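*Asks:* Structure incoming, see below.
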Amino acid sequence: MKFGTKALHAGIEPDPSTGAIMTPIFQTSTYVQAKPGEHKGFEYSRTQNPTREVLQNNLAALENAKHGLCFSSGMGAIDAIIKTLKPGDEVVSTNDLYGGSYRIFTKIFENFGIKFHFIEMGNSSKIEEYVNEKTKLIWVETPTNPMMNIIDIKGAAEIAKNNNCLLGVDNTFASPYLQNPMDLGADMVVHSITKYIGGHSDVVMGCIVCNDDELAEQLAFIQNSCGAVSGPQDCFLVLRGIKTLHLRMQRHCENGRAIANFVRDHPKIVKTYWPGFEDHPNHDIAKNQMKDFGGMISFTLKDDSLEAAFKVVSKTKLFTLAESLGGVESLVGHPASMTHASIPLEERLKTGVTDSLIRLSVGVEDIEDLIEDLDQALNQ
Ligand SMILES: *Cc1c(COP(=O)(O)O)cnc(C)c1O
C-alpha cells in the first residue's frame with residue numbers, strides 16, 4: 001500500500017458493533033469482565049484503549065514499523081525512551097536539538113546518572129568519536145530545529161549497529177510522509193504528533209514506533225507504569241488529521257519551496273536555511289533520505305539584533321507569532337527568545353541560533369498571500 005492509502009486505511013476497520021465508518025471515541029476508563037480476568041483485551045484505559053489502539057497501529061504503518069505507542073505529548077514519548085536506560089549509560093545526541101529535549105536530557109535525566117554528549121552530526125562519522133562501551137543510544141533529529149541541518153540516518157544507523165547501541169530518530173520535522181527512518185536502519189522513531197501528524201494545532205500528543213518485540217514490550221511497560229497516555233478524544237482527532245497528512249504535506253512542501261526562494265533573494269535577509277537549496281551543506285543526503293524538503297525555513301536578518309527580529313515577527317499578519325509548527329496555518333517564531341530560551345547563550349550561538357534568527361512554519365494558505373505578508377513585514 002502507498003502512503004496516502006495507508007493514511008486512510010491502515011489499521012482502520014468499520015466498527016464491528018455498529019458499522020460506523022469512523023473509529024468511535026471510546027470515552028471509557030474501564031471495561032466489563034465476564035469473570036475475573038475474562039475480558040475482550042481491554043482492562044483499563046491507561047493500559048489499553050480501542051481508539052488509541054487503532055491510532056497506534058495506523059502510526060506504525062505510516063512509519064513502516066511493527067509497533068506503535070502513543071503518549072500524552074512528544075516529551076512524554078522521549079521521556080519513556082530515556083527511561084529504558086540505567087545510571088551510567090551514555091547517549092550521543094545531536095547538538096542542534098529541540099529545546100524541550102535538551103531540557104529533559106540535561107535538567108532531568110543527568111540527575112539520574114545518565115550522561116549526554118551533544119555533538120555536531122553534519123558528518124555522521126563524527127558520532128564514532130563519542131561512542132564507547134557505555135553508549136546505549138544515539139539520538140538524532142533531522143532536519144534539526146531550527147538550523148535545518150541534515151543528518152545522515154543510514155550512516156548513524158551503521159555506527160549504532162557496529163557499536164551495539166540503538167538509534168532513535170526524532171522525525172517530527174520531516175513527518176512520516178517525507179522520511180521513514182526505520183527503512184534507513186533506525187531502531188525507533190519518535191514524533192511530536194502535535195506538529196505535522198495532528199496538523200491542526202488542536203492536539204498535544206507524541207508517539208514511538210519500533211520493530212523489536214522486546215523493545216516494544218519494554219516501552220509499553222513504561223507507558224502503562226508511568227501513565228503519560230493520550231486520551232481517546234485526542235486519538236480520534238489525530239486519526240482524522242492523518243487522513244489528509246499526505247495532501248497537507250504536498251502543499252507544505254510546495255509553499256515551503258516558494259517561500260525559501262523568496263526569502264533567500266530578499267535584500268533584508270543574509271542567510272536562509274532550507275535543505276532544498278543545492279548549496280545546503282547536506283543537500284545530497286536530504287535528497288536521498290527525504291521525499292521532499294518540507295515547509296520549515298529559518299533565516300537571519302542583515303541587522304542581526306533582537307530588535308530587528310522582534311519587529312519582523314510582530315508585523316506579520318498571516319504568519320502568526322507562536323511556538324509550535326506543522327499546522328495548516330503559517331506560524332513565525334523567534335527561537336532565541338521562544339523555543340530555545342532554555343538553551344544557554346553560549347550553546348545557542350555555537351549552533352547558529354543568533355539574535356535575529358527567525359523560523360517559519362509555512363502553512364497551506366495561498367502562496368501569493370503568504371509572500372505578500374512576509375514582504376510587508378520585512379520592509380517595515
Ligand atoms: C515539539 C517537539 C517535541 C516535543 O513534542 P510535544 O508534543 O510538544 O511534547 C519534540 N521534538 C521536536 C522536534 C519537536 O518539534
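Chain labels follow the order of the C-alpha cells: the first chain is A, the next B, and so on; residue numbering restarts at 1 in every chain, and ligands are counted from 1 in their shown order.
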Can you tell me which residues sit at most 10 Å away from ligand 1, counting only C-alpha atoms and all ligand atoms, written as an mmCIF file with N, CA and C atoms, in the first residue's frame?
*Replies:*
```cif
data_model
loop_
_atom_site.group_PDB
_atom_site.id
_atom_site.type_symbol
_atom_site.label_atom_id
_atom_site.label_comp_id
_atom_site.auth_asym_id
_atom_site.auth_seq_id
_atom_site.Cartn_x
_atom_site.Cartn_y
_atom_site.Cartn_z
ATOM 1 N N PHE A 71 1.645 8.615 23.366
ATOM 2 C CA PHE A 71 1.898 9.253 24.661
ATOM 3 C C PHE A 71 1.189 10.610 24.704
ATOM 4 N N SER A 72 1.083 11.140 25.919
ATOM 5 C CA SER A 72 0.332 12.379 26.095
ATOM 6 C C SER A 72 0.990 13.577 25.418
ATOM 7 N N SER A 73 2.269 13.460 25.048
ATOM 8 C CA SER A 73 2.960 14.529 24.315
ATOM 9 C C SER A 73 4.221 13.940 23.700
ATOM 10 N N GLY A 74 4.854 14.712 22.821
ATOM 11 C CA GLY A 74 6.148 14.281 22.281
ATOM 12 C C GLY A 74 7.153 14.086 23.402
ATOM 13 N N MET A 75 7.141 14.991 24.388
ATOM 14 C CA MET A 75 8.074 14.865 25.507
ATOM 15 C C MET A 75 7.781 13.608 26.320
ATOM 16 N N GLY A 76 6.514 13.250 26.441
ATOM 17 C CA GLY A 76 6.153 12.012 27.135
ATOM 18 C C GLY A 76 6.760 10.801 26.441
ATOM 19 N N ALA A 77 6.811 10.838 25.111
ATOM 20 C CA ALA A 77 7.398 9.739 24.336
ATOM 21 C C ALA A 77 8.913 9.681 24.538
ATOM 22 N N ILE A 78 9.560 10.857 24.484
ATOM 23 C CA ILE A 78 11.019 10.906 24.654
ATOM 24 C C ILE A 78 11.392 10.491 26.080
ATOM 25 N N ASP A 79 10.597 10.915 27.036
ATOM 26 C CA ASP A 79 10.781 10.527 28.444
ATOM 27 C C ASP A 79 10.787 9.006 28.575
ATOM 28 N N LEU A 97 19.237 20.754 18.805
ATOM 29 C CA LEU A 97 18.176 19.856 19.259
ATOM 30 C C LEU A 97 16.949 20.654 19.674
ATOM 31 N N TYR A 98 15.787 20.026 19.575
ATOM 32 C CA TYR A 98 14.569 20.639 20.109
ATOM 33 C C TYR A 98 14.827 21.058 21.572
ATOM 34 N N GLY A 99 14.478 22.287 21.914
ATOM 35 C CA GLY A 99 14.791 22.831 23.246
ATOM 36 C C GLY A 99 14.271 21.973 24.387
ATOM 37 N N GLY A 100 13.077 21.423 24.228
ATOM 38 C CA GLY A 100 12.486 20.585 25.283
ATOM 39 C C GLY A 100 13.253 19.287 25.483
ATOM 40 N N SER A 101 13.818 18.755 24.405
ATOM 41 C CA SER A 101 14.620 17.532 24.510
ATOM 42 C C SER A 101 15.915 17.841 25.254
ATOM 43 N N TYR A 102 16.555 18.947 24.887
ATOM 44 C CA TYR A 102 17.776 19.362 25.588
ATOM 45 C C TYR A 102 17.492 19.541 27.079
ATOM 46 N N VAL A 140 19.110 11.199 17.192
ATOM 47 C CA VAL A 140 19.236 12.050 16.005
ATOM 48 C C VAL A 140 17.927 12.772 15.729
ATOM 49 N N GLU A 141 18.063 14.057 15.412
ATOM 50 C CA GLU A 141 16.918 14.846 14.962
ATOM 51 C C GLU A 141 17.303 15.367 13.587
ATOM 52 N N THR A 142 16.501 15.127 12.563
ATOM 53 C CA THR A 142 16.830 15.619 11.213
ATOM 54 C C THR A 142 15.577 15.769 10.369
ATOM 55 N N PRO A 143 15.344 16.915 9.723
ATOM 56 C CA PRO A 143 16.118 18.149 9.829
ATOM 57 C C PRO A 143 16.103 18.667 11.269
ATOM 58 N N THR A 144 17.178 19.382 11.642
ATOM 59 C CA THR A 144 17.254 19.868 13.013
ATOM 60 C C THR A 144 16.491 21.180 13.161
ATOM 61 N N ASN A 145 16.229 21.489 14.395
ATOM 62 C CA ASN A 145 15.435 22.643 14.771
ATOM 63 C C ASN A 145 16.303 23.627 15.535
ATOM 64 N N PRO A 146 16.461 24.834 15.101
ATOM 65 C CA PRO A 146 15.844 25.489 13.936
ATOM 66 C C PRO A 146 16.797 25.644 12.747
ATOM 67 N N VAL A 169 15.391 8.194 16.278
ATOM 68 C CA VAL A 169 15.281 9.383 15.429
ATOM 69 C C VAL A 169 14.000 10.142 15.781
ATOM 70 N N ASP A 170 14.161 11.420 16.092
ATOM 71 C CA ASP A 170 13.007 12.310 16.259
ATOM 72 C C ASP A 170 12.643 12.809 14.865
ATOM 73 N N ASN A 171 11.555 12.278 14.326
ATOM 74 C CA ASN A 171 11.189 12.531 12.922
ATOM 75 C C ASN A 171 10.114 13.618 12.789
ATOM 76 N N THR A 172 9.937 14.406 13.846
ATOM 77 C CA THR A 172 8.860 15.401 13.889
ATOM 78 C C THR A 172 8.901 16.375 12.718
ATOM 79 N N PHE A 173 10.109 16.898 12.413
ATOM 80 C CA PHE A 173 10.216 17.948 11.398
ATOM 81 C C PHE A 173 9.923 17.439 9.993
ATOM 82 N N ALA A 174 10.236 16.175 9.744
ATOM 83 C CA ALA A 174 10.033 15.650 8.394
ATOM 84 C C ALA A 174 8.611 15.132 8.225
ATOM 85 N N VAL A 190 10.472 8.670 16.905
ATOM 86 C CA VAL A 190 9.583 9.455 17.758
ATOM 87 C C VAL A 190 8.952 10.568 16.928
ATOM 88 N N HIS A 191 7.702 10.875 17.238
ATOM 89 C CA HIS A 191 7.078 12.068 16.673
ATOM 90 C C HIS A 191 6.435 12.885 17.773
ATOM 91 N N SER A 192 6.560 14.198 17.654
ATOM 92 C CA SER A 192 5.615 15.052 18.330
ATOM 93 C C SER A 192 4.430 15.133 17.366
ATOM 94 N N ILE A 193 3.385 14.387 17.685
ATOM 95 C CA ILE A 193 2.179 14.344 16.836
ATOM 96 C C ILE A 193 1.504 15.708 16.793
ATOM 97 N N THR A 194 1.777 16.490 17.861
ATOM 98 C CA THR A 194 1.308 17.870 17.971
ATOM 99 C C THR A 194 1.544 18.661 16.683
ATOM 100 N N LYS A 195 2.598 18.303 15.939
ATOM 101 C CA LYS A 195 3.045 19.099 14.800
ATOM 102 C C LYS A 195 2.373 18.596 13.508
ATOM 103 N N TYR A 196 3.157 18.059 12.554
ATOM 104 C CA TYR A 196 2.578 17.738 11.244
ATOM 105 C C TYR A 196 1.523 16.631 11.289
ATOM 106 N N VAL A 203 -4.215 19.484 19.149
ATOM 107 C CA VAL A 203 -3.903 18.320 19.984
ATOM 108 C C VAL A 203 -2.426 18.358 20.381
ATOM 109 N N VAL A 204 -2.126 17.985 21.624
ATOM 110 C CA VAL A 204 -0.750 17.725 22.049
ATOM 111 C C VAL A 204 -0.621 16.214 22.248
ATOM 112 N N MET A 205 0.303 15.589 21.511
ATOM 113 C CA MET A 205 0.453 14.135 21.623
ATOM 114 C C MET A 205 1.802 13.704 21.053
ATOM 115 N N GLY A 206 2.273 12.543 21.459
ATOM 116 C CA GLY A 206 3.513 12.008 20.911
ATOM 117 C C GLY A 206 3.394 10.531 20.638
ATOM 118 N N CYS A 207 4.359 9.983 19.906
ATOM 119 C CA CYS A 207 4.353 8.526 19.685
ATOM 120 C C CYS A 207 5.764 8.004 19.503
ATOM 121 N N GLU A 323 4.684 29.595 19.304
ATOM 122 C CA GLU A 323 5.511 28.391 19.347
ATOM 123 C C GLU A 323 4.798 27.328 18.527
ATOM 124 N N SER A 324 5.495 26.227 18.322
ATOM 125 C CA SER A 324 4.955 25.084 17.583
ATOM 126 C C SER A 324 5.109 25.241 16.077
ATOM 127 N N LEU A 325 4.683 24.228 15.336
ATOM 128 C CA LEU A 325 4.911 24.149 13.893
ATOM 129 C C LEU A 325 4.045 23.035 13.324
ATOM 130 N N GLY A 326 4.022 22.980 11.993
ATOM 131 C CA GLY A 326 3.420 21.824 11.335
ATOM 132 C C GLY A 326 1.912 21.871 11.190
ATOM 133 N N THR A 339 11.435 29.086 21.588
ATOM 134 C CA THR A 339 11.713 27.647 21.730
ATOM 135 C C THR A 339 13.087 27.342 22.313
#
```
*Asks:* Among range 31-129 of chain A, which residues carry a DSSP assignment of strand (DSSP E), reported as a ChimeraX atom specification?
*Replies:* /A:67-71,90-94,115-119
*Asks:* What's around Val313 in chain A at 8 Å? Count only C-alpha atoms, leave out sequence neighbours fewer than 4 positions away in its own chain, and write the answer as a list in words.
*Replies:*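 The residues that qualify are Ala309, Leu321, Val332, Gly333, His334, Ile358 and Ala377 of chain A.
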*Asks:* Just list as number ranges by chain whatever in range 55-279 of chain A DSSP marks as alpha helix (DSSP H).
*Replies:* A: 55-62, 74-82, 99-103, 127-130, 153-162, 175-178, 213-226, 232-242, 245-264
*Asks:* Restrict the selected residues to C-alpha atoms and save them as a PDB file, in the first residue's frame.
*Replies:*
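This went into selection_32.pdb:
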```
ATOM      1  CA  LEU A  55      -4.214   5.126  16.068  1.00  0.00           C
ATOM      2  CA  GLN A  56      -1.101   3.274  17.303  1.00  0.00           C
ATOM      3  CA  ASN A  57      -1.459   0.674  14.546  1.00  0.00           C
ATOM      4  CA  ASN A  58      -2.045   3.357  11.915  1.00  0.00           C
ATOM      5  CA  LEU A  59       1.077   5.290  13.029  1.00  0.00           C
ATOM      6  CA  ALA A  60       3.193   2.121  12.961  1.00  0.00           C
ATOM      7  CA  ALA A  61       2.038   1.504   9.360  1.00  0.00           C
ATOM      8  CA  LEU A  62       2.896   5.083   8.309  1.00  0.00           C
ATOM      9  CA  GLY A  74       6.148  14.281  22.281  1.00  0.00           C
ATOM     10  CA  MET A  75       8.074  14.865  25.507  1.00  0.00           C
ATOM     11  CA  GLY A  76       6.153  12.012  27.135  1.00  0.00           C
ATOM     12  CA  ALA A  77       7.398   9.739  24.336  1.00  0.00           C
ATOM     13  CA  ILE A  78      11.019  10.906  24.654  1.00  0.00           C
ATOM     14  CA  ASP A  79      10.781  10.527  28.444  1.00  0.00           C
ATOM     15  CA  ALA A  80       9.734   6.887  28.004  1.00  0.00           C
ATOM     16  CA  ILE A  81      12.704   6.171  25.713  1.00  0.00           C
ATOM     17  CA  ILE A  82      15.274   7.575  28.142  1.00  0.00           C
ATOM     18  CA  GLY A  99      14.791  22.831  23.246  1.00  0.00           C
ATOM     19  CA  GLY A 100      12.486  20.585  25.283  1.00  0.00           C
ATOM     20  CA  SER A 101      14.620  17.532  24.510  1.00  0.00           C
ATOM     21  CA  TYR A 102      17.776  19.362  25.588  1.00  0.00           C
ATOM     22  CA  ARG A 103      15.974  20.395  28.783  1.00  0.00           C
ATOM     23  CA  ILE A 127      29.486  10.187  16.098  1.00  0.00           C
ATOM     24  CA  GLU A 128      32.020   7.374  16.317  1.00  0.00           C
ATOM     25  CA  GLU A 129      34.437   9.564  18.320  1.00  0.00           C
ATOM     26  CA  TYR A 130      31.934   9.794  21.182  1.00  0.00           C
ATOM     27  CA  ILE A 153      20.312   8.474   9.164  1.00  0.00           C
ATOM     28  CA  LYS A 154      21.804   5.493   7.320  1.00  0.00           C
ATOM     29  CA  GLY A 155      25.315   6.482   8.420  1.00  0.00           C
ATOM     30  CA  ALA A 156      24.182   6.879  12.043  1.00  0.00           C
ATOM     31  CA  ALA A 157      22.399   3.502  11.881  1.00  0.00           C
ATOM     32  CA  GLU A 158      25.579   1.758  10.737  1.00  0.00           C
ATOM     33  CA  ILE A 159      27.529   3.246  13.640  1.00  0.00           C
ATOM     34  CA  ALA A 160      24.787   2.146  16.061  1.00  0.00           C
ATOM     35  CA  LYS A 161      24.818  -1.419  14.677  1.00  0.00           C
ATOM     36  CA  ASN A 162      28.627  -1.657  14.800  1.00  0.00           C
ATOM     37  CA  SER A 175       6.783  13.794   9.204  1.00  0.00           C
ATOM     38  CA  PRO A 176       6.345  10.167   8.087  1.00  0.00           C
ATOM     39  CA  TYR A 177       5.301  11.430   4.653  1.00  0.00           C
ATOM     40  CA  LEU A 178       8.753  12.876   3.911  1.00  0.00           C
ATOM     41  CA  ASP A 213       9.194  -7.011  20.106  1.00  0.00           C
ATOM     42  CA  GLU A 214      11.226  -6.814  23.315  1.00  0.00           C
ATOM     43  CA  LEU A 215      11.796  -3.068  22.988  1.00  0.00           C
ATOM     44  CA  ALA A 216       8.088  -2.532  22.246  1.00  0.00           C
ATOM     45  CA  GLU A 217       7.187  -4.535  25.341  1.00  0.00           C
ATOM     46  CA  GLN A 218       9.577  -2.516  27.484  1.00  0.00           C
ATOM     47  CA  LEU A 219       8.174   0.767  26.137  1.00  0.00           C
ATOM     48  CA  ALA A 220       4.571  -0.422  26.653  1.00  0.00           C
ATOM     49  CA  PHE A 221       5.510  -1.332  30.226  1.00  0.00           C
ATOM     50  CA  ILE A 222       6.805   2.219  30.768  1.00  0.00           C
ATOM     51  CA  GLN A 223       3.753   3.701  29.011  1.00  0.00           C
ATOM     52  CA  ASN A 224       1.458   1.840  31.402  1.00  0.00           C
ATOM     53  CA  SER A 225       3.608   2.230  34.530  1.00  0.00           C
ATOM     54  CA  CYS A 226       4.345   5.949  34.166  1.00  0.00           C
ATOM     55  CA  PRO A 232      -9.452   8.757  23.282  1.00  0.00           C
ATOM     56  CA  GLN A 233     -10.846  12.120  22.109  1.00  0.00           C
ATOM     57  CA  ASP A 234      -7.360  13.281  21.141  1.00  0.00           C
ATOM     58  CA  CYS A 235      -6.672   9.963  19.393  1.00  0.00           C
ATOM     59  CA  PHE A 236      -9.839  10.480  17.343  1.00  0.00           C
ATOM     60  CA  LEU A 237      -8.737  13.989  16.329  1.00  0.00           C
ATOM     61  CA  VAL A 238      -5.337  12.687  15.258  1.00  0.00           C
ATOM     62  CA  LEU A 239      -6.874   9.830  13.236  1.00  0.00           C
ATOM     63  CA  ARG A 240      -8.954  12.477  11.486  1.00  0.00           C
ATOM     64  CA  GLY A 241      -5.903  14.693  10.923  1.00  0.00           C
ATOM     65  CA  ILE A 242      -3.856  11.834   9.442  1.00  0.00           C
ATOM     66  CA  LEU A 245      -1.441  14.185   6.019  1.00  0.00           C
ATOM     67  CA  HIS A 246      -0.179  13.433   2.504  1.00  0.00           C
ATOM     68  CA  LEU A 247      -2.261  16.243   0.959  1.00  0.00           C
ATOM     69  CA  ARG A 248      -1.162  18.752   3.572  1.00  0.00           C
ATOM     70  CA  MET A 249       2.487  17.771   3.243  1.00  0.00           C
ATOM     71  CA  GLN A 250       2.397  18.231  -0.526  1.00  0.00           C
ATOM     72  CA  ARG A 251       1.166  21.816  -0.064  1.00  0.00           C
ATOM     73  CA  HIS A 252       3.569  22.496   2.836  1.00  0.00           C
ATOM     74  CA  CYS A 253       6.453  21.474   0.543  1.00  0.00           C
ATOM     75  CA  GLU A 254       5.199  23.463  -2.446  1.00  0.00           C
ATOM     76  CA  ASN A 255       4.684  26.624  -0.359  1.00  0.00           C
ATOM     77  CA  GLY A 256       7.943  25.985   1.538  1.00  0.00           C
ATOM     78  CA  ARG A 257       9.911  25.945  -1.693  1.00  0.00           C
ATOM     79  CA  ALA A 258       8.364  29.225  -2.890  1.00  0.00           C
ATOM     80  CA  ILE A 259       8.944  30.970   0.454  1.00  0.00           C
ATOM     81  CA  ALA A 260      12.531  29.684   0.724  1.00  0.00           C
ATOM     82  CA  ASN A 261      13.326  31.159  -2.693  1.00  0.00           C
ATOM     83  CA  PHE A 262      11.572  34.409  -1.847  1.00  0.00           C
ATOM     84  CA  VAL A 263      13.423  34.995   1.426  1.00  0.00           C
ATOM     85  CA  ARG A 264      16.785  33.969   0.010  1.00  0.00           C
TER      86      ARG A 264
END
```
*Asks:* Identify, on the basis of only C-alpha atoms, every residue whose closest approach to range 267-273 of chain A does not exceed 12 Å; exclude the query and any residue fewer than 3 positions from it along the same chain; express the result as a ChimeraX atom specification.
*Replies:* /A:143-150,256-257,259-264,276-283,293-304,308-309,312,352-354,356-360,374-380
*Asks:* I'd like to know which of A:Ile197, A:His9, A:Ala186, A:Lys317 is closest to Ile21 in chain A, using only C-alpha atoms.
*Replies:*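 Closest candidate: A:His9.
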